[in-house]
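Accompanying notes for the structure given below.
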Amino acid sequence: MPSKQEQLGKLNEKMSKCSKCSLRKNCSRVVFGEGNPNAKIMFVGEAPGKKEDETGRPFVGAAGKFLNEMLAVIKLKREDVYIANVCKCRPPKNRDPLPEEIKLCWPWLEQQVKIINPKIIITLGRHSMERFISEEKISEAHGKLFVRKIKGLGERNFFTLYHPAAALYNGNIRQTLIQDFKKIPEVLEKIKKEK
């Protein structure tokens, strides 16, 4: 059986050849995801931005720096978690990904989740949350644990957060996000006890 790292490598190779939607034509590169293939925590953002498109790495701009700071608060580093996006290619001018683009990119994220098999998926932002928990509003769902059965993935634990980029422009969201982020270790403990 190939290691998780090898499986992700093969998946990344397939992703790099994808041209199912128009996003691929307008971006520099596919941003697969990165981190620990054996991570208990998987963060899922919305789509790459300008810096991510340039480097091929998720969450490396200002929002990524803030994510790193919050990880440090709960004594984690990027190397301890896995970070991916719902869409793997940058939408033009950093616009929100369209429902059709998210749908076409879903099989890639689904495969990543299957390979990594995290204990918890932490959604960053509305588009990421809606991919898994469509009936909730982020203003009410943030900082809460949800258990959902997802077609193709089975039952999964989800913890919803505001997107770090939103916190950069809104002080209130910043404080809320930091408070929600601090709950992650206890949420993981709770999941462990229930298993």
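By convention in this document, the chains of the structure tokens carry letters A, B, ... by their order, each chain's residues are numbered from 1, and ligands are numbered from 1 in the order they are shown.
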
Run DSSP on the backbone and grab whatever in range 7-194 of chain A lands in helix (DSSP H, G or I); send it over as an MDAnalysis selection string.
chainID A and resid 7:16 23:26 50:55 62:73 78:80 92:94 99:116 126:132 138:141 164:169 171:181 184:194

Just-selected residues, C-alpha atoms written as a compact mmCIF listing (two decimals), in the first residue's frame:
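Output file again-v9.txt follows:
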```txt
# COMPACT_ATOMS: atom_id res chain seq x y z
CA GLN A 7 -0.97 8.88 -2.69
CA LEU A 8 -1.11 12.68 -2.37
CA GLY A 9 1.78 13.00 -4.85
CA LYS A 10 -0.14 10.95 -7.44
CA LEU A 11 -3.30 12.95 -6.78
CA ASN A 12 -1.39 16.25 -7.18
CA GLU A 13 -0.07 15.01 -10.52
CA LYS A 14 -3.64 14.35 -11.71
CA MET A 15 -4.82 17.71 -10.36
CA SER A 16 -2.09 19.55 -12.25
CA LEU A 23 -10.21 28.88 -13.65
CA ARG A 24 -7.26 26.77 -14.84
CA LYS A 25 -6.85 28.92 -17.98
CA ASN A 26 -6.49 32.13 -15.96
CA LYS A 50 -2.57 36.10 -5.68
CA LYS A 51 0.34 34.99 -3.42
CA GLU A 52 -0.88 31.39 -3.40
CA ASP A 53 -1.15 31.40 -7.19
CA GLU A 54 2.42 32.70 -7.44
CA THR A 55 3.92 30.18 -5.01
CA ALA A 62 -1.54 38.02 4.89
CA ALA A 63 -4.37 35.62 5.82
CA GLY A 64 -1.83 32.79 5.91
CA LYS A 65 0.42 34.72 8.30
CA PHE A 66 -2.56 35.24 10.59
CA LEU A 67 -3.42 31.53 10.36
CA ASN A 68 0.18 30.70 11.39
CA GLU A 69 -0.12 33.04 14.38
CA MET A 70 -3.35 31.38 15.50
CA LEU A 71 -1.83 27.91 15.09
CA ALA A 72 1.02 29.02 17.38
CA VAL A 73 -1.54 30.08 20.03
CA ARG A 78 1.71 24.35 9.67
CA GLU A 79 3.70 21.09 9.52
CA ASP A 80 1.30 19.55 12.09
CA PRO A 92 -9.78 36.06 -11.45
CA LYS A 93 -9.20 39.18 -9.30
CA ASN A 94 -9.72 37.03 -6.17
CA PRO A 99 -20.93 27.18 -7.21
CA GLU A 100 -20.15 25.45 -10.52
CA GLU A 101 -16.38 25.80 -9.94
CA ILE A 102 -16.68 24.43 -6.41
CA LYS A 103 -18.71 21.48 -7.72
CA LEU A 104 -16.18 20.66 -10.47
CA CYS A 105 -13.30 20.83 -7.99
CA TRP A 106 -15.07 18.70 -5.35
CA PRO A 107 -13.62 15.29 -6.44
CA TRP A 108 -10.09 16.59 -5.72
CA LEU A 109 -10.95 17.71 -2.21
CA GLU A 110 -12.91 14.52 -1.61
CA GLN A 111 -9.80 12.45 -2.52
CA GLN A 112 -7.60 14.57 -0.26
CA VAL A 113 -9.96 14.02 2.70
CA LYS A 114 -10.07 10.27 2.01
CA ILE A 115 -6.26 10.00 1.92
CA ILE A 116 -5.55 12.18 4.96
CA ARG A 126 -18.50 30.72 4.14
CA HIS A 127 -17.78 28.91 0.85
CA SER A 128 -15.83 26.18 2.58
CA MET A 129 -18.50 25.77 5.26
CA GLU A 130 -21.33 25.65 2.71
CA ARG A 131 -19.60 22.81 0.86
CA PHE A 132 -20.19 20.59 3.91
CA ILE A 138 -21.57 31.32 9.23
CA SER A 139 -22.58 34.11 11.61
CA GLU A 140 -24.44 31.49 13.68
CA ALA A 141 -22.32 28.39 12.96
CA PRO A 164 -8.70 34.65 8.35
CA ALA A 165 -8.90 37.23 5.51
CA ALA A 166 -12.20 38.56 6.91
CA ALA A 167 -10.49 39.08 10.28
CA LEU A 168 -7.82 41.26 8.66
CA TYR A 169 -10.44 43.86 7.71
CA GLY A 171 -11.58 43.82 14.26
CA ASN A 172 -14.74 42.20 15.69
CA ILE A 173 -14.35 39.13 13.46
CA ARG A 174 -10.66 38.98 14.39
CA GLN A 175 -11.46 38.64 18.11
CA THR A 176 -14.21 36.11 17.41
CA LEU A 177 -11.90 34.06 15.21
CA ILE A 178 -9.15 34.00 17.85
CA GLN A 179 -11.65 32.91 20.53
CA ASP A 180 -13.10 30.20 18.24
CA PHE A 181 -9.61 29.03 17.28
CA ILE A 184 -9.85 23.59 18.74
CA PRO A 185 -7.83 21.53 21.30
CA GLU A 186 -10.89 20.94 23.51
CA VAL A 187 -13.04 20.08 20.48
CA LEU A 188 -10.42 17.48 19.45
CA GLU A 189 -10.45 16.08 23.01
CA LYS A 190 -14.23 15.79 22.88
CA ILE A 191 -14.05 13.91 19.56
CA LYS A 192 -11.44 11.51 21.00
CA LYS A 193 -13.63 10.72 24.00
CA GLU A 194 -16.68 10.03 21.83
```

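Proximity of A:Lys17, A:Lys182, A:Arg156, A:His163 to Gly45 in chain A, computed with only C-alpha atoms, is greatest for A:His163.
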
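The spacing separating CA of Thr160 in chain A from CA of Ile120 in chain A amounts to 10.4 Å.
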
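Minimum atom-to-atom distances from A:Ile121, A:Cys18, A:Cys89, A:Ile133 to Ala39 in chain A were compared using only C-alpha atoms, and the lowest value belongs to A:Ile121.
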
Could you check the closest approach to Cys87 in chain A for each of A:Ser3, A:Asn170, A:Asn157, A:Ser22 and tell me which residue wins, using only C-alpha atoms?
A:Ser22

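One distance worth recording is that between CA of Phe146 in chain A and CA of Leu161 in chain A, which is 11.9 Å.
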
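Of note, CA of Lys40 in chain A and CA of Pro2 in chain A are spaced 19.3 Å apart.
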
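Comparing the minimum interatomic distances between Ala47 in chain A and each of A:Gly125, A:Gly35, A:Pro91, A:Gly61, counting only C-alpha atoms, we find that A:Pro91 sits nearest.
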
Please, which residues of range 42-171 of chain A, numbered as in this document, come out strand (DSSP E) from DSSP, as a list in words?
Met42, Phe43, Val44, Gly45, Tyr82, Ile83, Ala84, Asn85, Ile120, Ile121, Ile122, Thr123, Leu124, Leu145, Phe146, Val147, Arg148, Lys149, Ile150, Gly154, Glu155, Arg156, Asn157, Phe158, Phe159, Thr160 and Leu161 of chain A
